[in-house]
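my_file_39.cif follows (mmCIF, N, CA and C atoms):
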```cif
data_structure
loop_
_atom_site.label_atom_id
_atom_site.label_comp_id
_atom_site.auth_asym_id
_atom_site.auth_seq_id
_atom_site.Cartn_x
_atom_site.Cartn_y
_atom_site.Cartn_z
N MET U 1 -1.26 -12.88 8.40
CA MET U 1 -2.65 -12.49 8.52
C MET U 1 -3.44 -13.07 7.34
N THR U 2 -4.72 -13.20 7.54
CA THR U 2 -5.58 -13.72 6.49
C THR U 2 -6.18 -12.57 5.68
N THR U 3 -6.75 -12.93 4.54
CA THR U 3 -7.42 -11.92 3.71
C THR U 3 -8.53 -11.25 4.49
N ALA U 4 -9.28 -12.02 5.27
CA ALA U 4 -10.36 -11.44 6.07
C ALA U 4 -9.82 -10.41 7.07
N GLU U 5 -8.67 -10.69 7.67
CA GLU U 5 -8.07 -9.75 8.61
C GLU U 5 -7.58 -8.49 7.89
N HIS U 6 -7.03 -8.66 6.70
CA HIS U 6 -6.60 -7.50 5.90
C HIS U 6 -7.81 -6.63 5.55
N LEU U 7 -8.90 -7.27 5.13
CA LEU U 7 -10.11 -6.52 4.79
C LEU U 7 -10.65 -5.78 6.02
N ASP U 8 -10.58 -6.41 7.17
CA ASP U 8 -11.02 -5.76 8.42
C ASP U 8 -10.16 -4.53 8.73
N THR U 9 -8.86 -4.65 8.51
CA THR U 9 -7.98 -3.50 8.73
C THR U 9 -8.36 -2.35 7.80
N ILE U 10 -8.60 -2.65 6.53
CA ILE U 10 -8.99 -1.61 5.58
C ILE U 10 -10.32 -1.00 5.98
N ASP U 11 -11.27 -1.82 6.41
CA ASP U 11 -12.56 -1.29 6.86
C ASP U 11 -12.40 -0.32 8.02
N ARG U 12 -11.54 -0.66 8.98
CA ARG U 12 -11.29 0.24 10.11
C ARG U 12 -10.68 1.56 9.64
N LEU U 13 -9.76 1.48 8.69
CA LEU U 13 -9.13 2.70 8.19
C LEU U 13 -10.12 3.57 7.43
N LEU U 14 -11.08 2.95 6.78
CA LEU U 14 -12.10 3.72 6.04
C LEU U 14 -12.98 4.55 6.95
N THR U 15 -13.14 4.14 8.18
CA THR U 15 -14.03 4.86 9.10
C THR U 15 -13.27 5.76 10.08
N ARG U 16 -11.96 5.65 10.08
CA ARG U 16 -11.14 6.38 11.04
C ARG U 16 -10.88 7.81 10.55
N ASP U 17 -10.91 8.74 11.50
CA ASP U 17 -10.54 10.13 11.17
C ASP U 17 -9.05 10.20 10.87
N PHE U 18 -8.68 11.20 10.10
CA PHE U 18 -7.28 11.44 9.79
C PHE U 18 -6.69 12.39 10.82
N PRO U 19 -5.45 12.15 11.23
CA PRO U 19 -4.83 13.06 12.21
C PRO U 19 -4.40 14.36 11.54
N GLU U 20 -4.17 15.34 12.34
CA GLU U 20 -3.71 16.63 11.83
C GLU U 20 -2.20 16.64 11.56
N VAL U 21 -1.47 15.73 12.21
CA VAL U 21 -0.02 15.65 12.01
C VAL U 21 0.38 14.20 11.78
N LEU U 22 1.50 13.98 11.13
CA LEU U 22 2.02 12.66 10.85
C LEU U 22 2.34 11.94 12.15
N GLY U 23 1.97 10.65 12.21
CA GLY U 23 2.27 9.86 13.39
C GLY U 23 2.11 8.38 13.13
N ARG U 24 2.54 7.58 14.07
CA ARG U 24 2.42 6.12 13.98
C ARG U 24 1.02 5.70 14.41
N SER U 25 0.58 4.58 13.83
CA SER U 25 -0.67 3.94 14.27
C SER U 25 -0.35 2.48 14.56
N GLU U 26 -1.33 1.73 14.99
CA GLU U 26 -1.08 0.32 15.30
C GLU U 26 -0.79 -0.52 14.05
N VAL U 27 -1.08 0.02 12.87
CA VAL U 27 -0.84 -0.72 11.63
C VAL U 27 0.14 -0.04 10.68
N GLY U 28 0.62 1.15 11.02
CA GLY U 28 1.53 1.84 10.12
C GLY U 28 1.68 3.30 10.49
N THR U 29 1.40 4.18 9.53
CA THR U 29 1.49 5.61 9.77
C THR U 29 0.22 6.29 9.26
N SER U 30 -0.07 7.43 9.83
CA SER U 30 -1.21 8.23 9.40
C SER U 30 -0.78 9.69 9.39
N GLY U 31 -1.37 10.43 8.47
CA GLY U 31 -1.07 11.84 8.38
C GLY U 31 -2.30 12.58 7.90
N PRO U 32 -2.19 13.87 7.68
CA PRO U 32 -3.35 14.64 7.22
C PRO U 32 -3.89 14.10 5.90
N GLY U 33 -5.07 13.51 5.95
CA GLY U 33 -5.73 13.02 4.75
C GLY U 33 -5.42 11.59 4.35
N TYR U 34 -4.63 10.86 5.14
CA TYR U 34 -4.30 9.48 4.73
C TYR U 34 -3.91 8.58 5.90
N HIS U 35 -4.06 7.28 5.65
CA HIS U 35 -3.56 6.22 6.52
C HIS U 35 -2.77 5.26 5.63
N LEU U 36 -1.61 4.82 6.08
CA LEU U 36 -0.83 3.77 5.42
C LEU U 36 -0.72 2.60 6.38
N ALA U 37 -0.99 1.39 5.88
CA ALA U 37 -0.94 0.22 6.73
C ALA U 37 -0.07 -0.87 6.12
N GLU U 38 0.81 -1.43 6.92
CA GLU U 38 1.55 -2.61 6.50
C GLU U 38 0.73 -3.83 6.86
N LEU U 39 0.33 -4.58 5.84
CA LEU U 39 -0.54 -5.73 6.06
C LEU U 39 0.23 -7.04 6.15
N GLY U 40 1.36 -7.12 5.50
CA GLY U 40 2.15 -8.34 5.53
C GLY U 40 3.49 -8.10 4.89
N ALA U 41 4.43 -8.99 5.20
CA ALA U 41 5.78 -8.82 4.65
C ALA U 41 6.49 -10.15 4.60
N SER U 42 7.44 -10.20 3.73
CA SER U 42 8.39 -11.31 3.68
C SER U 42 9.61 -10.82 4.44
N ARG U 43 9.84 -11.35 5.60
CA ARG U 43 10.92 -10.85 6.46
C ARG U 43 12.24 -11.53 6.14
N TRP U 44 13.14 -10.78 5.54
CA TRP U 44 14.47 -11.30 5.25
C TRP U 44 15.37 -10.98 6.43
N GLN U 45 16.19 -11.94 6.78
CA GLN U 45 17.13 -11.73 7.88
C GLN U 45 18.55 -11.54 7.36
N GLY U 46 18.76 -11.77 6.07
CA GLY U 46 20.08 -11.60 5.49
C GLY U 46 20.83 -12.89 5.26
N ASP U 47 20.38 -13.98 5.90
CA ASP U 47 21.09 -15.24 5.72
C ASP U 47 20.28 -16.26 4.92
N GLU U 48 19.20 -15.83 4.28
CA GLU U 48 18.38 -16.72 3.49
C GLU U 48 19.04 -16.99 2.15
N ASP U 49 18.74 -18.15 1.59
CA ASP U 49 19.21 -18.39 0.24
C ASP U 49 18.16 -17.86 -0.74
N ALA U 50 18.48 -17.90 -2.01
CA ALA U 50 17.61 -17.34 -3.04
C ALA U 50 16.24 -18.00 -3.04
N ALA U 51 16.18 -19.28 -2.78
CA ALA U 51 14.88 -20.00 -2.78
C ALA U 51 13.99 -19.49 -1.65
N ASP U 52 14.58 -19.24 -0.47
CA ASP U 52 13.79 -18.73 0.65
C ASP U 52 13.26 -17.33 0.35
N ARG U 53 14.11 -16.50 -0.24
CA ARG U 53 13.67 -15.14 -0.59
C ARG U 53 12.55 -15.19 -1.63
N MET U 54 12.72 -16.06 -2.63
CA MET U 54 11.70 -16.18 -3.67
C MET U 54 10.38 -16.66 -3.08
N ALA U 55 10.43 -17.61 -2.17
CA ALA U 55 9.20 -18.12 -1.52
C ALA U 55 8.52 -17.00 -0.74
N GLY U 56 9.29 -16.18 -0.06
CA GLY U 56 8.72 -15.05 0.68
C GLY U 56 8.06 -14.05 -0.24
N GLU U 57 8.73 -13.74 -1.34
CA GLU U 57 8.15 -12.80 -2.31
C GLU U 57 6.88 -13.36 -2.93
N GLU U 58 6.87 -14.65 -3.22
CA GLU U 58 5.68 -15.29 -3.78
C GLU U 58 4.52 -15.23 -2.78
N GLN U 59 4.82 -15.37 -1.49
CA GLN U 59 3.77 -15.29 -0.46
C GLN U 59 3.14 -13.90 -0.44
N VAL U 60 3.96 -12.86 -0.49
CA VAL U 60 3.44 -11.49 -0.50
C VAL U 60 2.59 -11.28 -1.76
N SER U 61 3.05 -11.76 -2.90
CA SER U 61 2.29 -11.62 -4.15
C SER U 61 0.96 -12.36 -4.07
N ALA U 62 0.96 -13.54 -3.48
CA ALA U 62 -0.29 -14.30 -3.33
C ALA U 62 -1.27 -13.57 -2.42
N GLU U 63 -0.77 -13.00 -1.33
CA GLU U 63 -1.64 -12.23 -0.45
C GLU U 63 -2.19 -11.00 -1.16
N PHE U 64 -1.35 -10.36 -1.97
CA PHE U 64 -1.78 -9.20 -2.76
C PHE U 64 -2.94 -9.59 -3.68
N GLU U 65 -2.78 -10.68 -4.40
CA GLU U 65 -3.81 -11.12 -5.36
C GLU U 65 -5.11 -11.49 -4.63
N ALA U 66 -5.00 -12.20 -3.52
CA ALA U 66 -6.20 -12.60 -2.76
C ALA U 66 -6.93 -11.37 -2.23
N LEU U 67 -6.19 -10.41 -1.70
CA LEU U 67 -6.81 -9.20 -1.18
C LEU U 67 -7.40 -8.37 -2.31
N SER U 68 -6.72 -8.31 -3.44
CA SER U 68 -7.27 -7.60 -4.61
C SER U 68 -8.63 -8.16 -5.00
N LEU U 69 -8.75 -9.47 -5.00
CA LEU U 69 -10.03 -10.10 -5.34
C LEU U 69 -11.11 -9.72 -4.33
N GLY U 70 -10.76 -9.71 -3.06
CA GLY U 70 -11.72 -9.31 -2.03
C GLY U 70 -12.18 -7.88 -2.20
N LEU U 71 -11.26 -7.00 -2.57
CA LEU U 71 -11.62 -5.59 -2.78
C LEU U 71 -12.43 -5.43 -4.07
N GLU U 72 -12.12 -6.22 -5.08
CA GLU U 72 -12.89 -6.16 -6.33
C GLU U 72 -14.34 -6.60 -6.11
N GLU U 73 -14.56 -7.54 -5.21
CA GLU U 73 -15.92 -7.95 -4.89
C GLU U 73 -16.72 -6.79 -4.31
N ARG U 74 -16.07 -5.91 -3.62
CA ARG U 74 -16.73 -4.76 -3.00
C ARG U 74 -16.93 -3.60 -3.97
N TRP U 75 -15.87 -3.26 -4.72
CA TRP U 75 -15.88 -2.01 -5.49
C TRP U 75 -15.61 -2.18 -6.98
N GLY U 76 -15.61 -3.42 -7.44
CA GLY U 76 -15.38 -3.67 -8.87
C GLY U 76 -13.90 -3.75 -9.19
N ALA U 77 -13.63 -3.83 -10.48
CA ALA U 77 -12.25 -3.98 -10.94
C ALA U 77 -11.41 -2.77 -10.52
N ALA U 78 -10.19 -3.06 -10.15
CA ALA U 78 -9.26 -2.00 -9.73
C ALA U 78 -8.77 -1.23 -10.94
N ASP U 79 -8.47 0.03 -10.71
CA ASP U 79 -7.70 0.80 -11.67
C ASP U 79 -6.25 0.52 -11.36
N ARG U 80 -5.51 0.05 -12.36
CA ARG U 80 -4.07 -0.17 -12.20
C ARG U 80 -3.39 1.15 -12.50
N PHE U 81 -2.52 1.55 -11.63
CA PHE U 81 -1.92 2.87 -11.69
C PHE U 81 -0.41 2.70 -11.67
N SER U 82 0.26 3.08 -12.76
CA SER U 82 1.72 3.01 -12.82
C SER U 82 2.29 4.24 -12.11
N LEU U 83 3.33 4.02 -11.36
CA LEU U 83 3.95 5.10 -10.61
C LEU U 83 5.19 5.67 -11.30
N ARG U 84 5.49 5.19 -12.49
CA ARG U 84 6.66 5.70 -13.22
C ARG U 84 6.52 7.20 -13.49
N SER U 85 5.33 7.60 -13.95
CA SER U 85 5.15 9.02 -14.26
C SER U 85 5.24 9.87 -12.99
N LEU U 86 4.82 9.33 -11.87
CA LEU U 86 4.92 10.05 -10.61
C LEU U 86 6.39 10.28 -10.25
N ARG U 87 7.23 9.28 -10.47
CA ARG U 87 8.66 9.43 -10.19
C ARG U 87 9.27 10.50 -11.08
N LEU U 88 8.93 10.47 -12.35
CA LEU U 88 9.47 11.47 -13.27
C LEU U 88 9.01 12.87 -12.87
N ARG U 89 7.74 12.95 -12.50
CA ARG U 89 7.19 14.24 -12.09
C ARG U 89 7.84 14.72 -10.80
N ALA U 90 8.11 13.77 -9.90
CA ALA U 90 8.66 14.13 -8.59
C ALA U 90 10.04 14.78 -8.71
N GLU U 91 10.73 14.53 -9.82
CA GLU U 91 12.03 15.17 -10.00
C GLU U 91 11.88 16.68 -10.13
N GLY U 92 10.74 17.13 -10.66
CA GLY U 92 10.54 18.55 -10.84
C GLY U 92 9.64 19.19 -9.82
N GLU U 93 8.79 18.41 -9.19
CA GLU U 93 7.87 18.96 -8.19
C GLU U 93 7.53 17.91 -7.14
N GLU U 94 7.13 18.34 -6.02
CA GLU U 94 6.83 17.47 -4.88
C GLU U 94 5.42 16.88 -5.01
N ALA U 95 5.33 15.55 -5.02
CA ALA U 95 4.03 14.88 -5.00
C ALA U 95 3.53 14.87 -3.56
N PRO U 96 2.22 14.96 -3.35
CA PRO U 96 1.70 14.96 -1.98
C PRO U 96 1.78 13.56 -1.36
N GLN U 97 1.86 13.53 -0.05
CA GLN U 97 1.74 12.26 0.66
C GLN U 97 0.28 11.84 0.60
N PRO U 98 -0.05 10.59 0.57
CA PRO U 98 0.83 9.44 0.66
C PRO U 98 1.40 9.00 -0.69
N TRP U 99 1.04 9.71 -1.75
CA TRP U 99 1.46 9.32 -3.11
C TRP U 99 2.97 9.36 -3.26
N ARG U 100 3.65 10.28 -2.61
CA ARG U 100 5.10 10.36 -2.71
C ARG U 100 5.73 9.08 -2.17
N GLU U 101 5.28 8.64 -1.00
CA GLU U 101 5.85 7.41 -0.42
C GLU U 101 5.53 6.20 -1.29
N MET U 102 4.31 6.14 -1.81
CA MET U 102 3.98 5.02 -2.70
C MET U 102 4.86 5.03 -3.93
N GLY U 103 5.09 6.21 -4.50
CA GLY U 103 5.94 6.32 -5.68
C GLY U 103 7.39 5.98 -5.41
N ASP U 104 7.84 6.23 -4.19
CA ASP U 104 9.22 5.92 -3.82
C ASP U 104 9.44 4.44 -3.57
N THR U 105 8.38 3.68 -3.32
CA THR U 105 8.55 2.29 -2.88
C THR U 105 7.90 1.26 -3.77
N SER U 106 7.16 1.67 -4.79
CA SER U 106 6.42 0.70 -5.60
C SER U 106 6.40 1.12 -7.06
N GLU U 107 6.24 0.13 -7.93
CA GLU U 107 6.16 0.38 -9.37
C GLU U 107 4.71 0.61 -9.82
N GLU U 108 3.78 -0.07 -9.16
CA GLU U 108 2.39 -0.05 -9.60
C GLU U 108 1.48 -0.28 -8.40
N LEU U 109 0.27 0.22 -8.49
CA LEU U 109 -0.68 -0.01 -7.42
C LEU U 109 -2.07 -0.25 -8.00
N CYS U 110 -2.93 -0.77 -7.15
CA CYS U 110 -4.34 -0.97 -7.49
C CYS U 110 -5.14 0.05 -6.70
N LEU U 111 -6.14 0.62 -7.35
CA LEU U 111 -6.85 1.76 -6.80
C LEU U 111 -8.35 1.56 -6.94
N TRP U 112 -9.08 1.80 -5.84
CA TRP U 112 -10.54 1.75 -5.83
C TRP U 112 -11.07 3.02 -5.20
N ARG U 113 -12.27 3.39 -5.61
CA ARG U 113 -12.97 4.52 -4.97
C ARG U 113 -14.00 3.92 -4.02
N ALA U 114 -13.97 4.34 -2.77
CA ALA U 114 -14.91 3.88 -1.75
C ALA U 114 -15.53 5.12 -1.11
N GLY U 115 -16.65 5.56 -1.66
CA GLY U 115 -17.27 6.79 -1.17
C GLY U 115 -16.39 7.97 -1.48
N ASP U 116 -16.04 8.74 -0.45
CA ASP U 116 -15.19 9.92 -0.66
C ASP U 116 -13.70 9.61 -0.45
N ARG U 117 -13.37 8.33 -0.33
CA ARG U 117 -11.98 7.95 -0.07
C ARG U 117 -11.45 7.01 -1.15
N TRP U 118 -10.15 7.02 -1.31
CA TRP U 118 -9.46 6.09 -2.18
C TRP U 118 -8.90 4.96 -1.34
N VAL U 119 -9.00 3.75 -1.84
CA VAL U 119 -8.35 2.59 -1.23
C VAL U 119 -7.27 2.14 -2.21
N VAL U 120 -6.06 2.01 -1.70
CA VAL U 120 -4.91 1.69 -2.54
C VAL U 120 -4.23 0.43 -1.99
N LEU U 121 -3.89 -0.47 -2.88
CA LEU U 121 -3.16 -1.68 -2.50
C LEU U 121 -1.88 -1.72 -3.33
N PHE U 122 -0.75 -1.98 -2.66
CA PHE U 122 0.52 -2.02 -3.38
C PHE U 122 1.54 -2.85 -2.62
N GLU U 123 2.57 -3.27 -3.34
CA GLU U 123 3.71 -3.94 -2.75
C GLU U 123 4.84 -2.93 -2.66
N ALA U 124 5.31 -2.68 -1.47
CA ALA U 124 6.37 -1.70 -1.26
C ALA U 124 7.70 -2.40 -1.04
N ARG U 125 8.75 -1.74 -1.51
CA ARG U 125 10.11 -2.23 -1.29
C ARG U 125 10.99 -1.01 -1.07
N TRP U 126 11.60 -0.95 0.09
CA TRP U 126 12.49 0.16 0.44
C TRP U 126 13.92 -0.23 0.10
N GLY U 127 14.23 -0.34 -1.17
CA GLY U 127 15.57 -0.71 -1.64
C GLY U 127 15.66 -2.16 -2.05
N ALA U 128 16.65 -2.48 -2.87
CA ALA U 128 16.80 -3.82 -3.43
C ALA U 128 17.08 -4.88 -2.36
N ASP U 129 17.69 -4.48 -1.26
CA ASP U 129 18.03 -5.44 -0.22
C ASP U 129 16.93 -5.64 0.81
N HIS U 130 15.79 -5.03 0.61
CA HIS U 130 14.70 -5.13 1.58
C HIS U 130 13.59 -6.03 1.06
N SER U 131 12.97 -6.72 1.98
CA SER U 131 11.90 -7.62 1.62
C SER U 131 10.65 -6.83 1.22
N PRO U 132 9.84 -7.40 0.32
CA PRO U 132 8.61 -6.72 -0.09
C PRO U 132 7.59 -6.71 1.05
N ARG U 133 6.77 -5.67 1.06
CA ARG U 133 5.72 -5.54 2.07
C ARG U 133 4.39 -5.30 1.36
N LEU U 134 3.36 -5.97 1.84
CA LEU U 134 2.01 -5.75 1.34
C LEU U 134 1.45 -4.54 2.09
N MET U 135 1.09 -3.50 1.34
CA MET U 135 0.67 -2.25 1.94
C MET U 135 -0.72 -1.85 1.42
N ALA U 136 -1.44 -1.13 2.27
CA ALA U 136 -2.71 -0.53 1.88
C ALA U 136 -2.69 0.93 2.32
N ALA U 137 -3.38 1.74 1.56
CA ALA U 137 -3.55 3.14 1.94
C ALA U 137 -5.02 3.50 1.79
N VAL U 138 -5.48 4.35 2.67
CA VAL U 138 -6.80 4.94 2.57
C VAL U 138 -6.57 6.45 2.61
N THR U 139 -7.10 7.15 1.63
CA THR U 139 -6.82 8.58 1.55
C THR U 139 -7.95 9.35 0.89
N VAL U 140 -8.04 10.60 1.23
CA VAL U 140 -8.98 11.52 0.55
C VAL U 140 -8.22 12.38 -0.46
N ILE U 141 -6.92 12.20 -0.52
CA ILE U 141 -6.08 12.97 -1.44
C ILE U 141 -6.10 12.28 -2.80
N ASP U 142 -6.56 13.00 -3.81
CA ASP U 142 -6.67 12.42 -5.15
C ASP U 142 -5.31 12.04 -5.71
N PRO U 143 -5.27 11.00 -6.53
CA PRO U 143 -4.00 10.62 -7.17
C PRO U 143 -3.48 11.77 -8.04
N PRO U 144 -2.18 11.94 -8.05
CA PRO U 144 -1.60 13.03 -8.86
C PRO U 144 -1.71 12.73 -10.36
#
```

Entire entry expressed as structure tokens:
Amino acid sequence: MTTAEHLDTIDRLLTRDFPEVLGRSEVGTSGPGYHLAELGASRWQGDEDAADRMAGEEQVSAEFEALSLGLEERWGAADRFSLRSLRLRAEGEEAPQPWREMGDTSEELCLWRAGDRWVVLFEARWGADHSPRLMAAVTVIDPP
């Protein structure tokens, strides 16, 4: 997908109502107070060599940077948010969704305020053997 298509997806999520229960959407998952969207991924099949994996990861990172710039044009510089403290906190107490999932899959995210909603951009990885995914979240739930 292109940066323009990613921005369009985020725009749609900004205007969409939140469901009362967790469920799938055409771009990811949605739950009470949030939408999570997978915007792009480096798809590993298991038989790639290191160069192919690195090229895929670089593609996801390039898409992340391009989309970050597009979002900065709208809402200014992003707040960079480290998720390390969220992980440490999660050992003692439950973080709310979607922050818990973001904390489980990413080290850092970019955060913008868009009216009464937060727009979040991050690279998710569900384990060392999984390819990175470019993710966006739109939520009314404040960061922990």

Determine, counting all atoms listed in the file, which protein, DNA and RNA residues have an atom within 8 Å of an atom of Ala78 in chain U; residues of the same chain fewer than 6 positions away are not included. Present the result as a list in words.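 Contacts, in chain order: Ser68, Leu71, Glu72, Leu109, Cys110, Leu111, Trp112 and Arg113 of chain U.
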
Give me the result of the PyMOL selection byres (((chain U and resi 2-11 and name CA) around 10) and name CA) on this file, residue by residue, as a PyMOL selection string. chain U and resi 1+12-16+27+35-40+63-71+119-121+134-138

So the first atom is CA of Asp116 in chain U and the second is CA of Val140 in chain U; what is the distance between them in Å, to one decimal place?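 Those two atoms sit 6.5 Å apart.
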
In Å, rounded to a single decimal, give me how far CA of Ala124 in chain U is from atom N of Glu101 in chain U. 10.4 Å

How far is it from atom C of Met54 in chain U to atom C of Asp79 in chain U, in Å with one decimal?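 Atom-to-atom, atom C of Met54 in chain U to atom C of Asp79 in chain U, that is 25.3 Å.
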
When you look at Asp142 in chain U with a cut-off of 9 Å (counting only C-alpha atoms), what residues show up, excluding the ones that are within fewer than 3 positions of it in the same chain? I need them as a PyMOL selection string. chain U and resi 99+117-118+139

Take the residues just selected and output them with N, CA and C atoms as a compact mmCIF listing (two decimals), keeping the file's coordinate frame.
```
# COMPACT_ATOMS: atom_id res chain seq x y z
N TRP U 99 1.04 9.71 -1.75
CA TRP U 99 1.46 9.32 -3.11
C TRP U 99 2.97 9.36 -3.26
N ARG U 117 -13.37 8.33 -0.33
CA ARG U 117 -11.98 7.95 -0.07
C ARG U 117 -11.45 7.01 -1.15
N TRP U 118 -10.15 7.02 -1.31
CA TRP U 118 -9.46 6.09 -2.18
C TRP U 118 -8.90 4.96 -1.34
N THR U 139 -7.10 7.15 1.63
CA THR U 139 -6.82 8.58 1.55
C THR U 139 -7.95 9.35 0.89
```
